[in-house]
$ cat data-v2.tsv   # TSV, C-alpha atoms and all ligand atoms
chain	number	residue	atom	x	y	z
A	1	GLN	CA	-54.50	64.03	-4.97
A	2	ASP	CA	-52.32	63.41	-1.96
A	3	LEU	CA	-52.27	60.42	0.36
A	4	ALA	CA	-53.68	62.26	3.38
A	5	SER	CA	-56.73	63.59	1.57
A	6	LEU	CA	-57.36	60.22	-0.10
A	7	VAL	CA	-57.12	58.33	3.21
A	8	GLY	CA	-59.39	60.95	4.77
A	9	ARG	CA	-62.10	60.08	2.24
A	10	PHE	CA	-61.61	56.29	2.57
A	11	LYS	CA	-64.91	54.52	3.30
A	12	TYR	CA	-64.36	51.19	5.02
A	13	VAL	CA	-65.96	48.03	3.59
A	14	ARG	CA	-64.19	45.06	5.17
A	15	VAL	CA	-60.90	43.65	6.42
A	16	LEU	CA	-59.03	41.83	3.66
A	17	ASP	CA	-56.24	40.41	5.81
A	18	SER	CA	-54.58	40.95	9.15
A	19	ASN	CA	-51.35	39.29	10.22
A	20	PRO	CA	-50.11	39.56	13.81
A	21	HIS	CA	-46.68	38.26	12.81
A	22	THR	CA	-45.89	40.83	10.14
A	23	LYS	CA	-48.10	43.45	11.89
A	24	ILE	CA	-49.80	44.24	8.60
A	25	ILE	CA	-53.51	44.93	8.13
A	26	SER	CA	-55.20	45.44	4.77
A	27	LEU	CA	-58.62	47.01	4.40
A	28	LEU	CA	-60.97	47.15	1.46
A	29	GLY	CA	-62.93	50.33	1.03
A	30	ASN	CA	-63.75	52.95	-1.51
A	31	ILE	CA	-62.82	56.53	-2.24
A	32	ASP	CA	-65.16	58.64	-4.37
A	33	GLY	CA	-67.00	55.47	-5.34
A	34	LYS	CA	-63.93	53.60	-6.57
A	35	ASP	CA	-62.40	50.56	-4.86
A	36	ALA	CA	-59.36	51.16	-2.68
A	37	VAL	CA	-56.98	48.91	-0.76
A	38	LEU	CA	-55.48	50.50	2.35
A	39	THR	CA	-52.60	48.69	4.04
A	40	ALA	CA	-50.84	49.59	7.26
A	41	GLU	CA	-47.68	48.04	8.66
A	42	LYS	CA	-46.36	48.87	12.14
A	43	THR	CA	-42.80	50.12	11.76
A	44	HIS	CA	-39.85	48.39	13.37
A	45	PHE	CA	-38.14	49.81	16.47
A	46	ILE	CA	-35.22	52.17	16.26
A	47	PHE	CA	-32.31	52.28	18.63
A	48	ASP	CA	-29.90	55.11	19.17
A	49	GLU	CA	-26.60	53.31	18.89
A	50	THR	CA	-24.89	51.41	16.16
A	51	VAL	CA	-24.29	48.28	18.18
A	52	ARG	CA	-21.66	46.03	16.70
A	53	ARG	CA	-21.46	42.36	17.36
A	54	PRO	CA	-18.15	40.57	16.99
A	55	SER	CA	-17.86	38.16	14.12
A	56	GLN	CA	-15.44	35.33	13.52
A	57	SER	CA	-13.71	37.07	10.66
A	58	GLY	CA	-12.90	39.99	12.92
A	59	ARG	CA	-15.26	42.16	10.91
A	60	SER	CA	-18.02	43.81	12.87
A	61	THR	CA	-21.58	43.73	11.72
A	62	PRO	CA	-23.78	46.63	12.71
A	63	VAL	CA	-26.93	45.38	14.34
A	64	PHE	CA	-28.77	48.67	14.57
A	65	PHE	CA	-28.87	51.55	12.17
A	66	HIS	CA	-27.10	54.53	13.69
A	67	ARG	CA	-29.37	57.50	14.41
A	68	GLU	CA	-28.41	61.05	15.31
A	69	ILE	CA	-31.63	61.61	17.23
A	70	ASP	CA	-32.06	59.28	20.13
A	71	GLU	CA	-35.05	60.63	22.03
A	72	TYR	CA	-37.30	58.53	19.79
A	73	SER	CA	-35.47	55.28	20.23
A	74	PHE	CA	-36.99	52.43	22.13
A	75	LEU	CA	-35.95	52.92	25.82
A	76	ASN	CA	-35.59	56.71	25.67
A	77	GLY	CA	-38.92	56.90	23.94
A	78	ILE	CA	-40.96	55.07	26.60
A	79	THR	CA	-43.46	57.67	27.79
A	80	ASP	CA	-45.84	55.35	29.60
A	81	LEU	CA	-45.35	51.87	31.01
A	82	LYS	CA	-47.87	49.77	32.89
A	83	GLU	CA	-47.13	46.39	34.36
A	84	LEU	CA	-49.67	43.66	33.66
A	85	THR	CA	-48.25	40.79	35.71
A	86	SER	CA	-45.07	39.46	37.17
A	87	ASN	CA	-44.11	35.97	38.20
A	88	ASP	CA	-40.75	35.18	39.81
A	89	ILE	CA	-38.15	36.76	37.51
A	90	TYR	CA	-40.66	37.44	34.67
A	91	TYR	CA	-42.43	40.76	34.17
A	92	TRP	CA	-44.69	41.94	31.40
A	93	GLY	CA	-46.68	45.02	30.64
A	94	LEU	CA	-47.67	47.54	28.02
A	95	SER	CA	-46.06	50.76	26.95
A	96	VAL	CA	-46.52	53.83	24.85
A	97	LEU	CA	-43.54	55.06	22.85
A	98	LYS	CA	-42.83	58.59	21.71
A	99	GLN	CA	-43.66	58.98	18.07
A	100	HIS	CA	-42.77	61.49	15.41
A	101	ILE	CA	-43.81	61.60	11.79
A	102	LEU	CA	-40.19	61.96	10.61
A	103	HIS	CA	-38.10	60.33	13.31
A	104	ASN	CA	-40.29	57.55	14.62
A	105	PRO	CA	-43.52	57.05	12.71
A	106	THR	CA	-46.01	54.44	13.96
A	107	ALA	CA	-46.90	52.80	10.72
A	108	LYS	CA	-46.20	52.71	7.03
A	109	VAL	CA	-49.39	53.27	5.07
A	110	ASN	CA	-49.92	52.10	1.50
A	111	LEU	CA	-52.89	52.89	-0.68
A	112	ILE	CA	-53.89	51.49	-4.05
A	113	TRP	CA	-56.57	53.60	-5.70
A	114	PRO	CA	-58.38	52.94	-7.91
A	115	ALA	CA	-57.73	49.26	-7.15
A	116	SER	CA	-58.56	46.56	-9.70
A	117	GLN	CA	-60.18	43.24	-8.81
A	118	LEU	CA	-56.72	41.73	-9.27
A	119	HIS	CA	-55.27	44.01	-6.58
A	120	ILE	CA	-58.13	43.28	-4.19
A	121	LYS	CA	-57.83	39.53	-4.66
A	122	GLY	CA	-54.09	39.74	-4.15
A	123	TYR	CA	-54.56	41.22	-0.68
A	124	ASP	CA	-57.56	39.11	0.31
A	125	GLN	CA	-57.08	36.16	2.65
A	126	GLN	CA	-57.01	32.93	0.70
A	127	ASP	CA	-56.30	29.22	0.92
A	128	LEU	CA	-52.97	28.15	-0.50
A	129	HIS	CA	-51.92	25.08	-2.47
A	130	VAL	CA	-48.64	23.52	-3.56
A	131	VAL	CA	-48.56	23.10	-7.33
A	132	ARG	CA	-46.05	21.63	-9.77
A	133	GLU	CA	-45.92	23.87	-12.81
A	134	THR	CA	-44.70	21.75	-15.72
A	135	PRO	CA	-43.34	23.29	-18.94
A	136	GLU	CA	-46.63	22.25	-20.59
A	137	MET	CA	-48.69	24.09	-17.99
A	138	TYR	CA	-46.45	27.10	-18.51
A	139	ALA	CA	-47.02	27.07	-22.26
A	140	ASN	CA	-50.76	26.40	-22.11
A	141	MET	CA	-51.91	28.42	-19.14
A	142	VAL	CA	-49.22	30.82	-17.95
A	143	VAL	CA	-48.14	32.29	-21.30
A	144	PRO	CA	-51.67	33.49	-22.20
A	145	PHE	CA	-52.07	34.78	-18.65
A	146	ILE	CA	-48.82	36.77	-18.89
A	147	GLN	CA	-50.03	38.36	-22.13
A	148	GLU	CA	-53.17	39.49	-20.34
A	149	MET	CA	-51.13	40.86	-17.44
A	150	CYS	CA	-48.74	42.93	-19.55
A	151	THR	CA	-51.15	45.72	-20.36
A	152	SER	CA	-49.61	49.16	-20.44
A	153	GLU	CA	-52.02	50.15	-17.68
A	154	ARG	CA	-50.73	47.50	-15.29
A	155	MET	CA	-47.08	48.12	-16.21
A	156	LYS	CA	-47.40	51.89	-15.97
A	157	TRP	CA	-45.56	52.24	-12.67
A	158	VAL	CA	-42.56	50.33	-14.12
A	159	ASN	CA	-42.37	52.51	-17.22
A	160	ASN	CA	-42.80	55.59	-15.08
A	161	ILE	CA	-39.69	54.59	-13.13
A	162	LEU	CA	-37.64	53.56	-16.16
A	163	TYR	CA	-38.49	56.41	-18.52
A	164	GLU	CA	-40.64	59.09	-16.88
A	165	GLY	CA	-38.58	60.03	-13.84
A	166	ALA	CA	-41.10	58.69	-11.30
A	167	GLU	CA	-39.61	58.23	-7.82
A	168	ASP	CA	-36.46	59.88	-9.19
A	169	ASP	CA	-35.51	61.44	-5.87
A	170	ARG	CA	-35.39	57.98	-4.29
A	171	VAL	CA	-33.34	56.19	-6.93
A	172	VAL	CA	-30.26	54.59	-5.40
A	173	TYR	CA	-28.51	53.70	-8.63
A	174	LYS	CA	-29.21	53.95	-12.33
A	175	GLU	CA	-27.26	52.65	-15.27
A	176	TYR	CA	-28.67	53.29	-18.68
A	177	SER	CA	-27.54	54.17	-22.15
A	178	GLU	CA	-29.54	54.00	-25.40
A	179	ARG	CA	-26.70	52.07	-27.01
A	180	ASN	CA	-26.53	49.43	-24.34
A	181	LYS	CA	-30.09	49.16	-23.12
A	182	ASP	CA	-29.79	45.46	-22.34
A	183	ASP	CA	-27.30	46.10	-19.57
A	184	GLY	CA	-29.25	48.95	-18.00
A	185	PHE	CA	-31.05	48.77	-14.68
A	186	VAL	CA	-32.28	50.98	-11.88
A	187	ILE	CA	-32.27	50.27	-8.13
A	188	LEU	CA	-34.69	52.06	-5.83
A	189	PRO	CA	-36.54	51.53	-2.52
A	190	ASP	CA	-39.38	49.08	-2.86
A	191	MET	CA	-42.85	50.30	-1.96
A	192	LYS	CA	-42.69	47.70	0.84
A	193	TRP	CA	-39.90	49.59	2.71
A	194	ASP	CA	-40.46	52.43	5.16
A	195	GLY	CA	-37.14	53.88	3.97
A	196	ILE	CA	-35.96	54.46	7.54
A	197	ASN	CA	-34.93	51.25	9.17
A	198	ILE	CA	-31.93	49.51	7.61
A	199	ASP	CA	-32.92	46.25	9.32
A	200	SER	CA	-35.93	46.07	7.08
A	201	LEU	CA	-34.13	47.42	3.97
A	202	TYR	CA	-36.10	46.41	0.89
A	203	LEU	CA	-35.01	47.56	-2.57
A	204	VAL	CA	-35.94	46.54	-6.07
A	205	ALA	CA	-33.71	46.45	-9.16
A	206	ILE	CA	-35.66	46.85	-12.38
A	207	VAL	CA	-33.91	46.07	-15.66
A	208	TYR	CA	-34.35	48.08	-18.86
A	209	ARG	CA	-34.48	45.10	-21.21
A	210	ASP	CA	-38.05	43.99	-21.70
A	211	ASP	CA	-37.52	40.57	-23.25
A	212	ILE	CA	-37.55	38.75	-19.91
A	213	LYS	CA	-41.00	38.43	-18.42
A	214	SER	CA	-40.06	36.11	-15.58
A	215	LEU	CA	-37.68	33.46	-14.34
A	216	ARG	CA	-39.03	31.16	-17.10
A	217	ASP	CA	-37.31	33.28	-19.79
A	218	LEU	CA	-33.85	32.86	-18.27
A	219	SER	CA	-31.46	30.61	-20.16
A	220	PRO	CA	-27.67	30.07	-20.15
A	221	LYS	CA	-27.18	33.00	-22.51
A	222	HIS	CA	-28.23	35.27	-19.62
A	223	ARG	CA	-25.73	33.79	-17.20
A	224	ASP	CA	-22.95	36.35	-17.60
A	225	TRP	CA	-25.40	39.22	-17.53
A	226	LEU	CA	-26.90	37.94	-14.26
A	227	ILE	CA	-23.43	37.48	-12.75
A	228	ARG	CA	-22.63	41.11	-13.58
A	229	LEU	CA	-25.97	42.28	-12.18
A	230	ASN	CA	-25.49	40.33	-8.95
A	231	LYS	CA	-21.98	41.70	-8.53
A	232	LYS	CA	-23.07	45.27	-9.11
A	233	ILE	CA	-25.98	44.99	-6.66
A	234	LYS	CA	-23.75	43.59	-3.94
A	235	THR	CA	-21.11	46.27	-4.51
A	236	ILE	CA	-23.35	49.29	-4.86
A	237	ILE	CA	-25.84	48.73	-2.04
A	238	PRO	CA	-23.45	48.32	0.92
A	239	GLN	CA	-21.50	51.35	-0.36
A	240	HIS	CA	-24.66	53.43	-0.65
A	241	TYR	CA	-25.68	52.63	2.95
A	242	ASP	CA	-22.20	53.22	4.39
A	243	TYR	CA	-21.68	49.52	5.04
A	244	ASN	CA	-24.50	49.48	7.60
A	245	VAL	CA	-25.41	46.45	5.57
A	246	ASN	CA	-22.76	44.15	4.12
A	247	PRO	CA	-22.85	42.27	0.81
A	248	ASP	CA	-23.37	38.95	2.58
A	249	GLU	CA	-26.32	40.39	4.50
A	250	LEU	CA	-28.36	40.96	1.36
A	251	ARG	CA	-30.91	38.45	0.15
A	252	VAL	CA	-31.04	38.97	-3.62
A	253	PHE	CA	-33.89	37.04	-5.21
A	254	VAL	CA	-36.70	36.86	-7.72
A	255	HIS	CA	-40.31	35.75	-7.26
A	256	TYR	CA	-42.17	33.16	-9.26
A	257	GLN	CA	-44.98	33.85	-10.03
A	258	PRO	CA	-44.20	37.55	-9.83
A	259	SER	CA	-46.96	40.14	-9.62
A	260	TYR	CA	-45.45	42.10	-12.53
A	261	TYR	CA	-44.02	40.45	-15.63
A	262	HIS	CA	-41.00	42.64	-16.30
A	263	PHE	CA	-37.77	41.22	-14.93
A	264	HIS	CA	-36.86	42.66	-11.53
A	265	VAL	CA	-34.78	41.54	-8.59
A	266	HIS	CA	-35.60	41.97	-4.90
A	267	ILE	CA	-32.81	43.13	-2.56
A	268	VAL	CA	-33.63	42.63	1.10
A	269	ASN	CA	-31.74	42.75	4.40
A	270	ILE	CA	-31.48	39.19	5.71
A	271	ARG	CA	-32.82	40.48	9.04
A	272	HIS	CA	-36.12	41.35	7.42
A	273	PRO	CA	-38.76	38.95	8.69
A	274	GLY	CA	-41.62	37.68	6.63
A	275	VAL	CA	-39.63	37.35	3.43
A	276	GLY	CA	-40.53	34.01	1.91
A	277	GLU	CA	-44.10	34.24	3.17
A	278	GLU	CA	-45.28	36.76	0.64
A	279	ARG	CA	-48.91	37.34	-0.08
A	280	GLY	CA	-50.48	34.42	-1.85
A	281	GLY	CA	-47.47	32.15	-1.53
A	282	GLY	CA	-45.17	32.09	-4.53
A	283	LYS	CA	-41.60	31.04	-4.73
A	284	THR	CA	-38.47	32.91	-3.76
A	285	MET	CA	-35.43	32.04	-5.86
A	286	LEU	CA	-32.03	33.38	-4.85
A	287	LEU	CA	-30.19	34.98	-7.76
A	288	GLU	CA	-27.07	32.97	-6.89
A	289	ASP	CA	-29.02	29.71	-7.18
A	290	ILE	CA	-30.53	30.80	-10.49
A	291	ILE	CA	-27.08	31.57	-11.92
A	292	GLU	CA	-25.77	28.21	-10.74
A	293	ALA	CA	-28.80	26.32	-12.09
A	294	LEU	CA	-28.29	27.82	-15.56
A	295	ASP	CA	-25.16	25.67	-15.78
A	296	PHE	CA	-27.26	22.52	-15.51
A	297	LEU	CA	-30.61	23.27	-17.07
A	298	GLY	CA	-29.62	22.89	-20.72
A	299	PRO	CA	-29.94	25.40	-23.57
A	300	ASP	CA	-33.60	26.26	-22.83
A	301	GLY	CA	-32.88	27.11	-19.22
A	302	TYR	CA	-35.92	27.48	-16.96
A	303	MET	CA	-38.31	26.87	-19.85
A	304	LYS	CA	-37.82	23.12	-19.48
A	305	LYS	CA	-37.94	22.93	-15.70
A	306	THR	CA	-40.86	21.90	-13.55
A	307	LEU	CA	-41.28	24.51	-10.82
A	308	THR	CA	-43.02	23.66	-7.58
A	309	TYR	CA	-44.44	26.57	-5.61
A	310	VAL	CA	-47.37	27.77	-3.56
A	311	ILE	CA	-50.34	29.41	-5.22
A	312	GLY	CA	-53.35	31.10	-3.63
A	313	GLU	CA	-56.92	30.37	-4.67
A	314	ASN	CA	-57.37	34.03	-5.58
A	315	HIS	CA	-54.61	33.86	-8.17
A	316	GLU	CA	-56.01	33.98	-11.71
A	317	LEU	CA	-54.02	30.89	-12.63
A	318	TRP	CA	-55.87	28.85	-10.00
A	319	ARG	CA	-59.10	29.57	-11.83
A	320	LYS	CA	-57.46	29.16	-15.23
A	321	GLY	CA	-56.67	25.47	-14.83
A	322	PHE	CA	-54.23	25.11	-11.97
A	323	LYS	CA	-56.99	23.85	-9.67
A	324	GLU	CA	-57.70	20.90	-11.98
A	325	GLU	CA	-53.99	20.28	-12.51
A	326	VAL	CA	-53.33	19.98	-8.76
A	327	LYS	CA	-56.14	17.43	-8.49
A	328	LYS	CA	-54.76	15.47	-11.47
A	329	GLN	CA	-51.24	15.58	-10.09
A	330	LEU	CA	-52.33	14.18	-6.72
A	331	GLU	CA	-54.30	11.42	-8.44
A	332	HIS	CA	-51.38	10.63	-10.70
A	333	ASP	CA	-49.07	10.40	-7.69
A	334	GLY	CA	-51.54	8.13	-5.91
A	335	ILE	CA	-51.99	10.57	-3.05
A	336	ALA	CA	-55.39	10.69	-1.35
A	337	THR	CA	-57.00	14.11	-1.05
A	338	SER	CA	-59.35	13.23	1.80
A	339	PRO	CA	-59.35	10.71	4.67
A	340	GLU	CA	-62.21	8.64	3.13
A	341	LYS	CA	-60.30	8.01	-0.08
A	342	GLY	CA	-56.98	6.94	1.38
A	343	SER	CA	-56.39	4.23	3.92
A	344	GLY	CA	-52.63	3.91	3.97
A	345	PHE	CA	-49.71	3.25	1.70
A	346	ASN	CA	-50.91	0.12	-0.10
B	401	LIG	P1	-43.11	40.97	-7.59
B	401	LIG	O1	-42.17	39.87	-7.29
B	401	LIG	O2	-43.58	41.12	-9.01
B	401	LIG	O3	-44.41	40.89	-6.73
B	401	LIG	O4	-42.39	42.29	-7.15
B	401	LIG	P2	-44.69	40.82	-5.17
B	401	LIG	O5	-43.39	40.88	-4.44
B	401	LIG	O6	-45.57	42.01	-4.90
B	401	LIG	O7	-45.40	39.53	-5.00
B	401	LIG	C1	-42.81	43.58	-7.47
B	401	LIG	C2	-42.21	44.51	-6.44
B	401	LIG	O8	-42.39	45.85	-6.84
B	401	LIG	C3	-42.89	44.34	-5.08
B	401	LIG	O9	-41.92	44.12	-4.09
B	401	LIG	C4	-43.64	45.66	-4.90
B	401	LIG	O10	-43.72	46.07	-3.55
B	401	LIG	C5	-42.85	46.62	-5.74
B	401	LIG	N1	-43.65	47.72	-6.26
B	401	LIG	C6	-44.87	47.65	-6.80
B	401	LIG	N2	-45.28	48.89	-7.22
B	401	LIG	C7	-46.56	49.17	-7.83
B	401	LIG	C8	-44.27	49.77	-6.94
B	401	LIG	C9	-44.10	51.17	-7.15
B	401	LIG	O11	-44.93	51.88	-7.71
B	401	LIG	N3	-42.90	51.70	-6.75
B	401	LIG	C10	-41.93	50.94	-6.12
B	401	LIG	N4	-40.82	51.55	-5.72
B	401	LIG	N5	-42.07	49.62	-5.93
B	401	LIG	C11	-43.23	49.03	-6.32
$ encode --input "data-v2.tsv" --output "C-alpha cells"
Amino acid sequence: QDLASLVGRFKYVRVLDSNPHTKIISLLGNIDGKDAVLTAEKTHFIFDETVRRPSQSGRSTPVFFHREIDEYSFLNGITDLKELTSNDIYYWGLSVLKQHILHNPTAKVNLIWPASQLHIKGYDQQDLHVVRETPEMYANMVVPFIQEMCTSERMKWVNNILYEGAEDDRVVYKEYSERNKDDGFVILPDMKWDGINIDSLYLVAIVYRDDIKSLRDLSPKHRDWLIRLNKKIKTIIPQHYDYNVNPDELRVFVHYQPSYYHFHVHIVNIRHPGVGEERGGGKTMLLEDIIEALDFLGPDGYMKKTLTYVIGENHELWRKGFKEEVKKQLEHDGIATSPEKGSGFN
C-alpha cells in the first residue's frame, strides 16, 4: 500500500477542520470501506539565499535555509502574476509559483488509515475549555484513561521506531545500549514536518525508558537525566543542520495532555508558527521550565501539581468527568457561567 494509491481511492465524507492561519485542511473519508483522515498543509516558501541578519552578539543568524536550486524559490518561481487592485503605494494580486515534487512541493499530505474514532475526533473541530487538573482528577480520571490509551496497537508506531527500524533512514540521532536503556533516546523528523524547510523544522525525541507516561511522572530524581537530554538535543541538532538553526532557536517542549503516553520531547524551530495552538488545545511546557520546576515541586514532582490547560470537547477526558469538574470548579470559584446567573462582583 503506498500513499498515492491510498489517496487515489479516498472517498470524501466531510471536512473535519480547515484553518486559514496554519493553511491546514483535514478531511474525513474512507478507503476500501475503512475510515481515513486526510490532512494537507501548504508548504512554506523557499528562498535561494541564506540571508543573514546581524545580531547584537556579532553572531549571524541565518534567516533562510540555503538552497542549491534557486529556480523554485519565491521570486524566481513566479510564473504568473495578476494584479487585483492598487491604491496609492499599495498593490495586491495573485500569483502562481513554479512547483516541483522534490524541490518545491505545494503541500505536505498526511493520511491516517484505518483511522480510529479517537483519531477522527482529534482532528474534528471542537469547542475548547480551560480546565484545572488537580492531582485527584489525575488519579481518578486520567490514570485509568492512560491505561486504556497504552494499548500495543496505539503505541505501535513508537515501538516500530525504537526497536523495529521504522523510519530508520530519517533518524537524526540515536543513543541506545541494552545496559543503559534508561539513558537511550532517538531523535527523528516529526510527521508534522515537510523535512525541507528549516524554518519549520519539527523533530521529536523519543526516549527508550518506558516508565514515564507523561509530564505527571516527572519528579526530582529525573532532573539530571532531563538536563543531560536537553543538553544533548541542543548540541546535536544545530550540528546536524550545519548551524542553520542555533541552540537558542530551538523550542524544546513537552505536551500535556500528550496524544501518546510514552515520554517524548518536541524540538521545533522558534520561527515555526502555530506551535502552542495544537489541535484540541493542550499545554506546551518548555523542558527548561520543567527542569527548573523540579527544584520546587517537592519529592513527588508533577504528581502533586495542579495543571491548568485547554481541553477540547472531543477529548475522551471531557466525557470522562472533566466536563462536570469544570462546572464544579467555576461554581466553587463563584464565577457565573452565563449572563443570567451573574450580575457583577458582589
Ligand atoms: P504528542 O505531544 O503526544 O501529541 O506528540 P500531539 O503533538 O500530536 O498533540 C506526538 C508527536 O509524534 C506529534 O508531534 C506527532 O506528529 C508525532 N508522530 C505521531 N506519529 C504517529 C508519528 C509517526 O509515525 N512518525 C513520526 N516521525 N512522528 C509521529
$ atom_distance --input "data-v2.tsv" --atom1 "atom C6 of ligand LIG 401 (chain B)" --atom2 "CA of Phe263 in chain A"
12.6 Å
$ residues_near_ligand --input "data-v2.tsv" --ligand "ligand LIG 401 (chain B)" --cutoff "6 Å" --atoms "only C-alpha atoms and all ligand atoms" --output "mmCIF file with C-alpha atoms, keeping the file's coordinate frame"
data_model
loop_
_atom_site.group_PDB
_atom_site.id
_atom_site.type_symbol
_atom_site.label_atom_id
_atom_site.label_comp_id
_atom_site.auth_asym_id
_atom_site.auth_seq_id
_atom_site.Cartn_x
_atom_site.Cartn_y
_atom_site.Cartn_z
ATOM 1 C CA TRP A 157 -45.560 52.240 -12.670
ATOM 2 C CA PRO A 189 -36.540 51.530 -2.520
ATOM 3 C CA ASP A 190 -39.380 49.080 -2.860
ATOM 4 C CA MET A 191 -42.850 50.300 -1.960
ATOM 5 C CA LYS A 192 -42.690 47.700 0.840
ATOM 6 C CA HIS A 255 -40.310 35.750 -7.260
ATOM 7 C CA PRO A 258 -44.200 37.550 -9.830
ATOM 8 C CA SER A 259 -46.960 40.140 -9.620
ATOM 9 C CA TYR A 260 -45.450 42.100 -12.530
#
$ residues_near_point --input "data-v2.tsv" --point "(-40.8, 53.2, 5.7)" --cutoff "8 Å" --atoms "all atoms listed in the file" --output "ChimeraX atom specification"
/A:43,107-108,192-197
$ write_last_selection --input "data-v2.tsv" --atoms "C-alpha atoms" --output "PDB file, in the frame of the given file"
ATOM      1  CA  THR A  43     -42.800  50.120  11.760  1.00  0.00           C
ATOM      2  CA  ALA A 107     -46.900  52.800  10.720  1.00  0.00           C
ATOM      3  CA  LYS A 108     -46.200  52.710   7.030  1.00  0.00           C
ATOM      4  CA  LYS A 192     -42.690  47.700   0.840  1.00  0.00           C
ATOM      5  CA  TRP A 193     -39.900  49.590   2.710  1.00  0.00           C
ATOM      6  CA  ASP A 194     -40.460  52.430   5.160  1.00  0.00           C
ATOM      7  CA  GLY A 195     -37.140  53.880   3.970  1.00  0.00           C
ATOM      8  CA  ILE A 196     -35.960  54.460   7.540  1.00  0.00           C
ATOM      9  CA  ASN A 197     -34.930  51.250   9.170  1.00  0.00           C
TER      10      ASN A 197
END
$ atom_distance --input "data-v2.tsv" --atom1 "CA of Leu307 in chain A" --atom2 "CA of Gln257 in chain A"
10.1 Å
$ closest_residue --input "data-v2.tsv" --among "A:Val310, A:Ile46, A:Ile146, A:Leu128" --to "Asp199 in chain A" --atoms "only C-alpha atoms"
A:Ile46
$ residues_around --input "data-v2.tsv" --residues "Ser219 in chain A" --least-positions-apart "5" --cutoff "7 Å" --atoms "all atoms listed in the file" --output "list in words"
Leu294, Pro299, Asp300, Gly301 and Tyr302 of chain A
$ closest_residue --input "data-v2.tsv" --among "A:Val186, A:Ile290, A:Ala36, A:Ala166" --to "Ile227 in chain A" --atoms "only C-alpha atoms"
A:Ile290
$ decode --input "data-v2.tsv" --residues "range 87-105 of chain A" --atoms "C-alpha atoms" --output "short mmCIF file (atom, residue, chain, number, x, y, z; two decimals), in the first residue's frame"
data_model
loop_
_atom_site.label_atom_id
_atom_site.label_comp_id
_atom_site.auth_asym_id
_atom_site.auth_seq_id
_atom_site.Cartn_x
_atom_site.Cartn_y
_atom_site.Cartn_z
CA ASN A 87 -4.26 52.19 -4.25
CA ASP A 88 -1.57 54.85 -3.87
CA ILE A 89 1.60 52.96 -2.94
CA TYR A 90 -0.24 49.66 -2.25
CA TYR A 91 -0.60 46.86 -4.80
CA TRP A 92 -2.04 43.40 -4.46
CA GLY A 93 -2.66 40.48 -6.72
CA LEU A 94 -2.43 36.74 -7.15
CA SER A 95 0.34 34.57 -8.45
CA VAL A 96 1.23 31.07 -9.48
CA LEU A 97 4.61 29.71 -8.39
CA LYS A 98 6.67 27.05 -10.09
CA GLN A 99 6.33 23.78 -8.27
CA HIS A 100 8.30 20.57 -8.21
CA ILE A 101 7.66 17.42 -6.24
CA LEU A 102 11.24 17.38 -4.88
CA HIS A 103 12.35 20.99 -4.89
CA ASN A 104 9.18 22.94 -4.21
CA PRO A 105 6.15 20.80 -3.42
#
